[in-house]
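See below for the structure under consideration.
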Protein chains: 2
Amino acid sequence: MSIINTISGNTKAGKDFLKSLRNREESVHQEVTKQVEIILRDVKEKGDEALISYTNQFDSKNIDKKNICVTKKEIDEAYENVDKEFIDAINLAVKNIKFFHEKQKRNSWMITNENEVVLGQQIRPLQKVGIYVPGGTAAYPSSVLMNTIPAKVAGVRSITMVTPPSKDGSINPNILVAADIAGVDKIYKAGGAQAVAALAFGTETIDRVDKVVGPGNVYVAMAKKSVYGNVDIDMIAGPSEILVIADENANPKYIAADLMSQAEHDKLASSILITTSQDLAEEVKKQLKMQVENLSRKDIILHSLKNYGAIIVVDSIEKAIEMSNDIAPEHLELCIEDPFLSLGYVKNAGSIFLGYFAPEPLGDYIAGPNHVLPTSGTARFFSPLSVDDFVKKSSFIRYSKEALLDVGDKVIKLAETEGLTAHANSIKIRMQDNISSKN
Amino acid sequence: MSIINTISGNTKAGKDFLKSLRNREESVHQEVTKQVEIILRDVKEKGDEALISYTNQFDSKNIDKKNICVTKKEIDEAYENVDKEFIDAINLAVKNIKFFHEKQKRNSWMITNENEVVLGQQIRPLQKVGIYVPGGTAAYPSSVLMNTIPAKVAGVRSITMVTPPSKDGSINPNILVAADIAGVDKIYKAGGAQAVAALAFGTETIDRVDKVVGPGNVYVAMAKKSVYGNVDIDMIAGPSEILVIADENANPKYIAADLMSQAEHDKLASSILITTSQDLAEEVKKQLKMQVENLSRKDIILHSLKNYGAIIVVDSIEKAIEMSNDIAPEHLELCIEDPFLSLGYVKNAGSIFLGYFAPEPLGDYIAGPNHVLPTSGTARFFSPLSVDDFVKKSSFIRYSKEALLDVGDKVIKLAETEGLTAHANSIKIRMQDNISSKN
């Protein structure tokens, strides 16, 4: 049996495969929705009491009001439990992530028109942000950096992290060190829907925030969707994908490795190669088989490649990009000569990796752009997490008396057309007072 | 009985009032949620058939597959049914809205670092956008402009409008003319949750879009929240508010008029004056009583002022702004001397109106900034609708072989710390091949 599906472009099989990609959402059972709503309401009404009770039920029996907040001492101890190479790598990542995100900062602006009309837009950081960090095997320090640093660069004053404690009440030291270096202000030992509720509504211990970001399991995702509107949230994440577009000069060894780097994430992950070279397609298949033997997550990789992986052979790079635009992948590698020429034709993709030496894991960890990306085709309308996600805008308007008198009739006309006479009145009353003084 | 509540700043009554503001959400009955989910599923599964069946059930019995799309002829007829002054006013509004939103446009960017590392961010318009426009008395042409023009300025190729037809199958001519002038591409006679579903999932007649924007009743709001993730949506809108901060030089006549211009929207609307002048507070009350007599929406205004209106007297403008930041109003008028000095202290507000001659209705219709604003305290984290809402970003990364070899060890360290060996493998395999050739 083949390790991965091979499909010719433009066939029915190709179309069926694309369709299967769109339907690979995990089905959320009504049961989960119901449970999440109960947890949210409990924490909203009972605060810490409910938060701690759920934490002790799901995560650790040792959590109480006194130890739910991570102490300076715990952070100091964490530093003793991580190695120097890890800290060096984190420091380089922080430097590069800061560098890239600094370029995203925008200024407030204003313009003055005739008649002393001033219009503008004020841009300000959110005041308080909450970051969710999963526990257990999905406790990724890189994720802490990618969620925290854009908020810091935006100027957010208070960053609160929540993460479920392990059975003994401790937090993974890599997570604590990454959070400390990135500049998280407070860390609470809480996870699941109950932690999202605490951030969204506030408890006696945890301050209500303006926005909740960060990945989590289905309970966390449902809770975030439910509190949206009470607070802002980041995008809704689904299963992730990599799409590699390769020409005949690409190295099959590298491409196989890159496909599997995505496939190892989870069984619903999708890894797709679209290439103009039949020979390359064959070589990549061989490499997948060889390399997978040495990888610790072999089972997940095989499962994901078999169900949602594909190698598609097409006639031209243009056709490959057209298919990619339809899939709107989270990660897109352009393993082709002169990828910059093709960049402008990419309409939908979260992050784009150019050339033979920009593999996806480089972007996951070190390069600087954010690794929180739109998944499952949502790159059609969502964007990578950025400084923009941690600011809000206000517009402002200043009119002189003369400027208002000039446009007053038109405002009144529109307000009256809409049947809003009190709107019209607010203009009329100023005009009555001032028309005589004007003439 | 008083027409509006009078409260001293900093008292328990003041705090209770703020609390009541936060709880004025309309409660959504489980019944609505259930019904919306059924409608969404029906349209997703049965397409046009379900869409038309619901339209004929709720709106007009005359709609079928052939006439659901508004024709050129219908638009031409609409022009004959609106007056010249209306068209003139719309044209001025379009000009000013375009002018302001053009300033919000951003460019893609890229930077080249040492070792031929190139990083950048590509900004592209969404491809297809859907705009919901309510029917009946809430059919506001200004709203059509405010939702359509930012999308046009962003470069969106296809803008589809949906709006419920009246009983005889027609659409308000003001709406049709505004849509035509603003540049809407297609208009369909459909409303409610079924129209949102058609935009989000697509039907045989209506193309699936990337984002759905525009106001609507509770069914529309619930439907939008439910399809979020399948498509993007604009913010979740709640009851709206105006907050006027006034000093002793402000004109009580104008302030009363402005408070009522918001109060007329609906019974849950909130109109608040915070002033440093007890005399002004008294005068405004008198003016409210006098002016309300001439307004067609008197009942709504009285209801809204009584329940959610307030006049709060405070010691200083600083204190007034502090309270305003806590309320995070949709509209904030700074009816004070030199409002520009205070602007920078405003942390949370949708749109800010500066001075004595910038009443809120000016911003609703003509000034140029968007009137789709964060309501109900969500200015803490949401922003006015803008060109940013109709673009998406992709980041891109290019590394040379040398640059990758330089950071490879650190990527591998982080990947291995996270237990992601296939991520590490993607870097290792390139390093093994090239380290020897490098040295």
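Each chain in the structure tokens gets a letter, A, B, ..., in the order shown, and its residues are numbered from 1; ligands are numbered from 1 in order too.
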
Identify all chain B residues at most 6 Å from chain A by counting only C-alpha atoms; ligands do not count. Present them as a ChimeraX atom specification.
/B:89,140,210,229,236,257-258,261,350-354,357-358,361,381-383,392-401,410,418,422-423,426

Name all residues at most 12 Å from Ser277 (chain B) (count only C-alpha atoms; drop same-chain ones fewer than 6 positions away) and give them as a PDB file with N, CA and C atoms, in the first residue's frame.
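Writing the result to out-v5.pdb gives the following:
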ATOM      1  N   SER B   8     -24.464  61.610  41.046  1.00  0.00           N
ATOM      2  CA  SER B   8     -23.158  62.220  41.307  1.00  0.00           C
ATOM      3  C   SER B   8     -22.091  61.184  41.031  1.00  0.00           C
ATOM      4  N   ILE B 245     -19.185  64.338  27.062  1.00  0.00           N
ATOM      5  CA  ILE B 245     -18.466  65.010  28.149  1.00  0.00           C
ATOM      6  C   ILE B 245     -18.522  66.506  27.853  1.00  0.00           C
ATOM      7  N   ALA B 246     -19.067  67.284  28.793  1.00  0.00           N
ATOM      8  CA  ALA B 246     -19.276  68.705  28.514  1.00  0.00           C
ATOM      9  C   ALA B 246     -18.740  69.581  29.643  1.00  0.00           C
ATOM     10  N   ASP B 247     -18.145  70.693  29.262  1.00  0.00           N
ATOM     11  CA  ASP B 247     -17.745  71.675  30.275  1.00  0.00           C
ATOM     12  C   ASP B 247     -18.802  72.776  30.356  1.00  0.00           C
ATOM     13  N   GLU B 248     -18.526  73.786  31.170  1.00  0.00           N
ATOM     14  CA  GLU B 248     -19.566  74.785  31.436  1.00  0.00           C
ATOM     15  C   GLU B 248     -19.841  75.679  30.225  1.00  0.00           C
ATOM     16  N   ASN B 249     -18.953  75.647  29.224  1.00  0.00           N
ATOM     17  CA  ASN B 249     -19.182  76.460  28.027  1.00  0.00           C
ATOM     18  C   ASN B 249     -20.021  75.764  26.955  1.00  0.00           C
ATOM     19  N   ALA B 250     -20.338  74.503  27.183  1.00  0.00           N
ATOM     20  CA  ALA B 250     -21.113  73.762  26.181  1.00  0.00           C
ATOM     21  C   ALA B 250     -22.546  74.282  26.150  1.00  0.00           C
ATOM     22  N   ASN B 251     -23.200  74.103  25.014  1.00  0.00           N
ATOM     23  CA  ASN B 251     -24.566  74.589  24.829  1.00  0.00           C
ATOM     24  C   ASN B 251     -25.576  73.490  25.183  1.00  0.00           C
ATOM     25  N   PRO B 252     -26.361  73.684  26.240  1.00  0.00           N
ATOM     26  CA  PRO B 252     -27.283  72.628  26.698  1.00  0.00           C
ATOM     27  C   PRO B 252     -28.296  72.212  25.639  1.00  0.00           C
ATOM     28  N   GLU B 283     -29.933  72.617  32.883  1.00  0.00           N
ATOM     29  CA  GLU B 283     -30.398  73.155  31.601  1.00  0.00           C
ATOM     30  C   GLU B 283     -30.650  72.049  30.580  1.00  0.00           C
ATOM     31  N   VAL B 284     -29.778  71.049  30.567  1.00  0.00           N
ATOM     32  CA  VAL B 284     -29.944  69.941  29.620  1.00  0.00           C
ATOM     33  C   VAL B 284     -31.257  69.219  29.895  1.00  0.00           C
ATOM     34  N   ILE B 311     -27.363  61.670  33.708  1.00  0.00           N
ATOM     35  CA  ILE B 311     -26.510  62.854  33.763  1.00  0.00           C
ATOM     36  C   ILE B 311     -25.659  62.707  35.012  1.00  0.00           C
ATOM     37  N   ILE B 312     -24.380  62.744  34.837  1.00  0.00           N
ATOM     38  CA  ILE B 312     -23.459  62.518  35.951  1.00  0.00           C
ATOM     39  C   ILE B 312     -22.616  63.779  36.129  1.00  0.00           C
ATOM     40  N   VAL B 313     -22.624  64.317  37.344  1.00  0.00           N
ATOM     41  CA  VAL B 313     -21.841  65.521  37.600  1.00  0.00           C
ATOM     42  C   VAL B 313     -20.548  65.133  38.308  1.00  0.00           C
ATOM     43  N   VAL B 314     -19.436  65.586  37.765  1.00  0.00           N
ATOM     44  CA  VAL B 314     -18.126  65.230  38.332  1.00  0.00           C
ATOM     45  C   VAL B 314     -17.294  66.491  38.562  1.00  0.00           C
ATOM     46  N   ASP B 315     -16.156  66.325  39.234  1.00  0.00           N
ATOM     47  CA  ASP B 315     -15.326  67.468  39.612  1.00  0.00           C
ATOM     48  C   ASP B 315     -14.439  67.987  38.489  1.00  0.00           C
ATOM     49  N   SER B 316     -14.070  67.082  37.593  1.00  0.00           N
ATOM     50  CA  SER B 316     -13.077  67.495  36.593  1.00  0.00           C
ATOM     51  C   SER B 316     -13.274  66.723  35.300  1.00  0.00           C
ATOM     52  N   ILE B 317     -12.752  67.296  34.217  1.00  0.00           N
ATOM     53  CA  ILE B 317     -12.805  66.621  32.923  1.00  0.00           C
ATOM     54  C   ILE B 317     -11.989  65.321  32.984  1.00  0.00           C
ATOM     55  N   ALA B 320     -14.137  62.740  34.290  1.00  0.00           N
ATOM     56  CA  ALA B 320     -15.142  62.385  33.281  1.00  0.00           C
ATOM     57  C   ALA B 320     -14.556  61.396  32.270  1.00  0.00           C
ATOM     58  N   ILE B 336     -15.976  70.223  24.864  1.00  0.00           N
ATOM     59  CA  ILE B 336     -15.143  70.974  25.807  1.00  0.00           C
ATOM     60  C   ILE B 336     -14.194  71.871  25.020  1.00  0.00           C
TER      61      ILE B 336
END

I need the residues of region 13-45 of chain A that end up classed as helix (DSSP H, G or I) by DSSP on the backbone, written out as a PyMOL selection string.
chain A and resi 13-22+30-45

I'd like the contact shell of region 33-39 of chain A - 10 Å cut-off, only C-alpha atoms, skipping same-chain residues fewer than 2 positions apart - returned as a ChimeraX atom specification.
/A:28-31,41-45,50-51,54,192-197,218-224,226-227

For CA of Asp279 (chain A) and CA of Thr6 (chain A), determine how far apart the two atoms are, in Å to one decimal place.
12.5 Å

With a distance cut-off of 7 Å and only C-alpha atoms, select the neighbouring residues of Lys267 (chain A), excluding the residue or stretch itself and same-chain residues fewer than 6 positions from it, and output the selection as a PyMOL selection string.
chain A and resi 300+303-304

Separation of CA of Ile181 (chain A) from CA of Asp168 (chain A) in Å:
24.4 Å

Show me, as JSON, numbers by chain, the residues that have an atom within 7 Å of Gly214 (chain B) when counting only C-alpha atoms, minus same-chain residues fewer than 5 positions from it.
{"B": [131, 132, 133, 147]}

Restricting the calculation to only C-alpha atoms: of B:Leu145, B:Leu40, B:Ile3, B:Ala310, which residue gets closest to Met290 (chain B)?
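Smallest separation from Met290 (chain B) among the options: B:Ile3.
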
Closest to Thr203 (chain A) among A:Val32, A:Ile52, A:Ile63, A:Val144, using only C-alpha atoms?
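That would be A:Ile52, the residue with the smallest distance to Thr203 (chain A).
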
May I ask for the distance between CA of Thr148 (chain A) and CA of Leu199 (chain A), given in Å to one decimal place?
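Distance reported for this atom pair: 15.4 Å.
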
Just asking: which residues within region 42-221 of chain B are strand (DSSP E or B) according to DSSP, as a PyMOL selection string?
chain B and resi 69+109-113+117-125+128-132+158-163+186-189+211-213

Distance criterion (only C-alpha atoms): nearest to Ile187 (chain A) out of A:Gly130, A:Gly136, A:Gly216, A:Pro150:
A:Gly130

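Minimum distance to Glu241 (chain A) across A:Thr163, A:Thr275, A:Thr375, A:Ser143 (counting only C-alpha atoms) occurs at A:Thr375.
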